[in-house]
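Beneath this line is the structure, given in structure tokens, with notes to follow.
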Amino acid sequence: MPLSKPPAVNTSVEERQTNAAARRAKGEFVRGISGFRSVLGKDADFPAEPGRYHLFVALNCPWCHRVTLARNILGLADSITLDVAFPSRTNGDDAVEANRWEFNPQRIAPLTGTTLPECTAETGTGQQFRLAKQIYEAEGSDEASVPILYDKKTSRIVANESAEIIRMLNAQAGRLGSTLPDTARPDLYPSGDENAPLRAEIDTLNEQIYTHINNGAYKAGFSSSQEVYAEAFATYFDTLGALEARLKADDRPYLAGDRFTEADLRLFPTLYRHDPVYYVRMKLNGAMILDYPHLWRWLCRVYALPGVAASNSLVHCRQGYFGRSWNNVVPLGPLRPMGYPEAYAHPELAR
């Protein structure tokens, strides 16, 4: 029998790995693929139950930001526990390994000169691991990334692909113990035949946003090729322009119309970081989000939703991104027209 074709890559979730080694050798940043892909609530090993699941995240990581947003927006903060890694990875003199996510609430952040109150020890496994890598090693995996959705009952990793985690949290929010009633809880990806056109619109937006904005920022910032960087830079700002035009056309409040959806949630972490971090760190200095009035007002609108502001920290973002730069010095701005994230409470700042 002929070999079956491999499944098509969902480019709204992950990057094609074709010729990945050769592409990296030419200076392109190529994101790897997450290995844990169970589906909470559908796989028999992982039923949807309140209090059973745990998240390991780093607040500077935009992929983790998707997950903390979903947890808060869906009313799951009380039923899904959470550990937060320090935003800078381990140093070269680490006793175990360098460049790893570390759960160390006693570590001092150079930006503030103090510990960061959001950081925690590792409490999800019962083993008090210090490194996220050790959570994977307990299952025989050599992965090391966050976020991780973890089953405290069976001591197993459920999933580590952020796009899939937010989708399953949305689908199982009620069974997982959401504190929000069904009528008050956003449905990020509505089911049912009547919502098929909306899901198709969300899918199209997700692919555009992931490829050109979410991952595109990394294509620009972490490229070692001027040509690859220039292409990612142009595509990033072309896509911002298209999204600005989309919001402007009918003055819609959200990307897919009148309701906040998964597409808005997936765009927010990148735009939240753009002005105070990516403009400099990712060399995306073509414009600020403040230069796109409809996108700026959208950003402020999302930031004002219940639970969104508490889902992240720009202190962690600044420390995490610039703490990995060549000299580890963190820029203090921008300060005009005002500092961030305070500016996100002022939609009128848009030019």
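If you're wondering about the labels, chains in the structure tokens are A, B, ... by order shown, residues count from 1 in each chain, ligands from 1 in order shown.
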Item checked: Backbone-only DSSP, strand (DSSP E or B) members of segment 8-236 of chain A, as number ranges by chain -> A: 37, 53-57, 81-84, 102, 109, 114, 131, 148-151, 156-159
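The coordinates place atom CA of Ile73 of chain A at 9.7 Å from atom CA of Leu188 of chain A.
With only C-alpha atoms as the atoms that count, the minimum distance from Pro50 of chain A to the choices A:Leu198, A:Phe268, A:Asp151, A:Ala98 is reached by A:Asp151.
Atom CA of Ala70 of chain A to atom CA of Ser311 of chain A spans 8.9 Å [interatomic distance, one decimal].
Between atom CA of Gly35 of chain A and atom CA of Asn160 of chain A lies a distance of 7.1 Å.
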Notebook entry, point to check: Quick one: of A:Asp187, A:Pro110, A:Met282, A:Glu102, who's nearest to Ser223 of chain A, counting only C-alpha atoms?
Noted result: A:Met282
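Minimum atom-to-atom distance to Gly75 of chain A, evaluated using only C-alpha atoms, belongs to A:Ala184 out of A:Ala196, A:Ala184, A:Leu299, A:Ala138.
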Note to self: Nearest residue to Thr114 of chain A out of A:Arg246, A:Leu295, A:Ile213, A:Val315, using only C-alpha atoms?
What the structure shows: A:Val315
Notebook entry, point to check: Closest to Gly41 of chain A among A:Tyr340, A:Tyr53, A:Trp298, A:Phe103, using only C-alpha atoms?
Noted result: A:Tyr53
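Candidate residues A:Asp193, A:Phe36, A:Asp291, A:Ala343 were compared for distance to Ser141 of chain A, and the nearest is A:Phe36, using only C-alpha atoms.
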Mind checking which residues fall within 12 Å of Phe56 of chain A, counting only C-alpha atoms, ignoring those fewer than 3 positions away in the same chain, and posting them as a PDB file with C-alpha atoms, in the first residue's frame?
ATOM      1  CA  TYR A  53      -5.457  21.105  36.101  1.00  0.00           C
ATOM      2  CA  LEU A  59       4.423  36.265  31.738  1.00  0.00           C
ATOM      3  CA  CYS A  61       6.095  34.883  26.770  1.00  0.00           C
ATOM      4  CA  TRP A  63       2.245  32.264  23.854  1.00  0.00           C
ATOM      5  CA  CYS A  64       1.747  31.970  27.616  1.00  0.00           C
ATOM      6  CA  HIS A  65      -0.081  35.300  27.539  1.00  0.00           C
ATOM      7  CA  VAL A  67      -3.323  31.100  27.983  1.00  0.00           C
ATOM      8  CA  THR A  68      -3.443  33.466  30.965  1.00  0.00           C
ATOM      9  CA  ILE A  80      -7.021  26.133  37.248  1.00  0.00           C
ATOM     10  CA  THR A  81      -3.963  26.777  39.405  1.00  0.00           C
ATOM     11  CA  LEU A  82      -0.926  28.608  38.055  1.00  0.00           C
ATOM     12  CA  ASP A  83       2.837  28.868  38.490  1.00  0.00           C
ATOM     13  CA  VAL A  84       4.826  31.766  37.004  1.00  0.00           C
ATOM     14  CA  ALA A  85       8.475  31.467  35.956  1.00  0.00           C
ATOM     15  CA  PHE A  86      11.030  34.244  36.315  1.00  0.00           C
ATOM     16  CA  TRP A 101      12.721  28.687  32.387  1.00  0.00           C
ATOM     17  CA  GLU A 102      13.116  28.810  36.168  1.00  0.00           C
ATOM     18  CA  PHE A 103      10.557  28.852  38.983  1.00  0.00           C
ATOM     19  CA  CYS A 119       6.852  34.752  40.328  1.00  0.00           C
ATOM     20  CA  THR A 120       6.219  31.491  42.140  1.00  0.00           C
ATOM     21  CA  ALA A 121       7.919  28.271  43.090  1.00  0.00           C
ATOM     22  CA  GLU A 122       6.802  25.138  41.221  1.00  0.00           C
ATOM     23  CA  THR A 123       3.698  23.816  42.972  1.00  0.00           C
ATOM     24  CA  GLY A 124       1.883  21.800  40.312  1.00  0.00           C
ATOM     25  CA  THR A 125       3.776  18.497  40.250  1.00  0.00           C
ATOM     26  CA  PHE A 129      11.025  21.204  40.363  1.00  0.00           C
ATOM     27  CA  ARG A 130      12.999  24.383  39.730  1.00  0.00           C
ATOM     28  CA  LEU A 131      13.191  24.202  35.930  1.00  0.00           C
ATOM     29  CA  ALA A 132      10.355  23.717  33.443  1.00  0.00           C
ATOM     30  CA  LYS A 133      12.692  21.307  31.640  1.00  0.00           C
ATOM     31  CA  ILE A 135       8.755  18.716  34.318  1.00  0.00           C
ATOM     32  CA  TYR A 136       9.283  17.383  30.806  1.00  0.00           C
ATOM     33  CA  ALA A 144      11.635  22.752  27.708  1.00  0.00           C
ATOM     34  CA  SER A 145       9.005  25.314  26.666  1.00  0.00           C
ATOM     35  CA  VAL A 146       6.075  26.992  28.375  1.00  0.00           C
ATOM     36  CA  PRO A 147       3.086  27.098  28.577  1.00  0.00           C
ATOM     37  CA  ILE A 148       2.350  23.664  29.987  1.00  0.00           C
ATOM     38  CA  LEU A 149      -1.134  22.432  30.843  1.00  0.00           C
ATOM     39  CA  TYR A 150      -0.637  19.788  33.547  1.00  0.00           C
ATOM     40  CA  ASP A 151      -2.892  17.171  35.118  1.00  0.00           C
ATOM     41  CA  LYS A 152      -2.249  17.148  38.873  1.00  0.00           C
ATOM     42  CA  ILE A 157       1.421  16.895  30.802  1.00  0.00           C
ATOM     43  CA  VAL A 158      -1.796  17.356  28.830  1.00  0.00           C
ATOM     44  CA  ALA A 159      -0.683  19.877  26.218  1.00  0.00           C
ATOM     45  CA  ASN A 160       1.949  22.506  25.504  1.00  0.00           C
ATOM     46  CA  SER A 162      -0.978  27.442  23.367  1.00  0.00           C
TER      47      SER A 162
END
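Using only C-alpha atoms, the residues found no farther than 7 Å from Tyr236 of chain A, other than those of its own chain fewer than 3 positions away, are His212, Ile213, Gly216, Ala232, Phe233, Thr239 and Leu240 of chain A.
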Next item on the list: Run DSSP on the backbone of this structure and report the residues of segment 94-263 of chain A it assigns to helix (DSSP H, G or I), as an MDAnalysis selection string.
Entry: chainID A and resid 132:137 162:171 193:221 226:250 262:263
Export, as a compact mmCIF listing (two decimals), in the first residue's frame, the selected residues with C-alpha atoms.
# COMPACT_ATOMS: atom_id res chain seq x y z
CA ALA A 132 10.36 23.72 33.44
CA LYS A 133 12.69 21.31 31.64
CA GLN A 134 12.54 18.99 34.65
CA ILE A 135 8.75 18.72 34.32
CA TYR A 136 9.28 17.38 30.81
CA GLU A 137 12.14 15.12 31.83
CA SER A 162 -0.98 27.44 23.37
CA ALA A 163 -3.44 27.66 20.47
CA GLU A 164 -4.88 24.28 21.39
CA ILE A 165 -4.92 25.01 25.12
CA ILE A 166 -7.05 28.13 24.70
CA ARG A 167 -9.43 26.28 22.38
CA MET A 168 -9.98 23.45 24.90
CA LEU A 169 -10.33 25.84 27.85
CA ASN A 170 -13.05 27.65 25.94
CA ALA A 171 -14.86 24.45 24.97
CA ASP A 193 -23.97 25.21 12.33
CA GLU A 194 -25.30 28.72 12.78
CA ASN A 195 -21.81 29.90 13.76
CA ALA A 196 -19.95 28.22 10.90
CA PRO A 197 -19.41 31.52 9.01
CA LEU A 198 -18.04 33.15 12.17
CA ARG A 199 -15.66 30.23 12.79
CA ALA A 200 -14.45 30.47 9.19
CA GLU A 201 -13.78 34.18 9.69
CA ILE A 202 -11.91 33.49 12.94
CA ASP A 203 -9.85 30.79 11.22
CA THR A 204 -8.83 33.17 8.44
CA LEU A 205 -7.90 35.86 10.94
CA ASN A 206 -5.97 33.38 13.09
CA GLU A 207 -3.78 32.30 10.19
CA GLN A 208 -3.08 35.89 9.17
CA ILE A 209 -2.34 36.95 12.74
CA TYR A 210 -0.16 33.97 13.65
CA THR A 211 1.89 33.93 10.46
CA HIS A 212 2.44 37.66 9.97
CA ILE A 213 2.05 39.19 13.45
CA ASN A 214 2.61 36.70 16.32
CA ASN A 215 5.36 34.64 14.70
CA GLY A 216 6.22 37.43 12.28
CA ALA A 217 7.55 39.55 15.16
CA TYR A 218 10.01 36.78 15.99
CA LYS A 219 10.90 36.35 12.31
CA ALA A 220 11.96 39.98 12.33
CA GLY A 221 13.55 40.23 15.76
CA GLN A 226 18.95 41.33 6.61
CA GLU A 227 16.85 39.99 3.75
CA VAL A 228 14.73 37.72 5.97
CA TYR A 229 14.30 40.53 8.50
CA ALA A 230 13.23 43.02 5.83
CA GLU A 231 10.60 40.65 4.47
CA ALA A 232 9.19 39.93 7.94
CA PHE A 233 9.24 43.66 8.78
CA ALA A 234 7.28 44.57 5.65
CA THR A 235 4.74 41.78 6.12
CA TYR A 236 4.21 42.67 9.77
CA PHE A 237 3.35 46.29 9.01
CA ASP A 238 1.32 45.42 5.92
CA THR A 239 -0.80 43.18 8.13
CA LEU A 240 -1.19 45.86 10.79
CA GLY A 241 -2.42 48.15 8.03
CA ALA A 242 -4.93 45.55 6.84
CA LEU A 243 -6.24 45.03 10.38
CA GLU A 244 -6.50 48.80 10.87
CA ALA A 245 -8.54 49.05 7.66
CA ARG A 246 -10.75 46.17 8.79
CA LEU A 247 -11.64 47.92 12.05
CA LYS A 248 -12.05 51.28 10.33
CA ALA A 249 -14.35 50.08 7.53
CA ASP A 250 -17.44 49.79 9.74
CA GLU A 262 -10.32 33.91 19.76
CA ALA A 263 -8.89 36.10 16.98
Check: Quick one: residues within 6 Å of segment 174-182 of chain A, only C-alpha atoms counted, chain neighbours fewer than 3 positions away excluded, as a ChimeraX atom specification?
Finding: /A:48-50,75-76,79,185
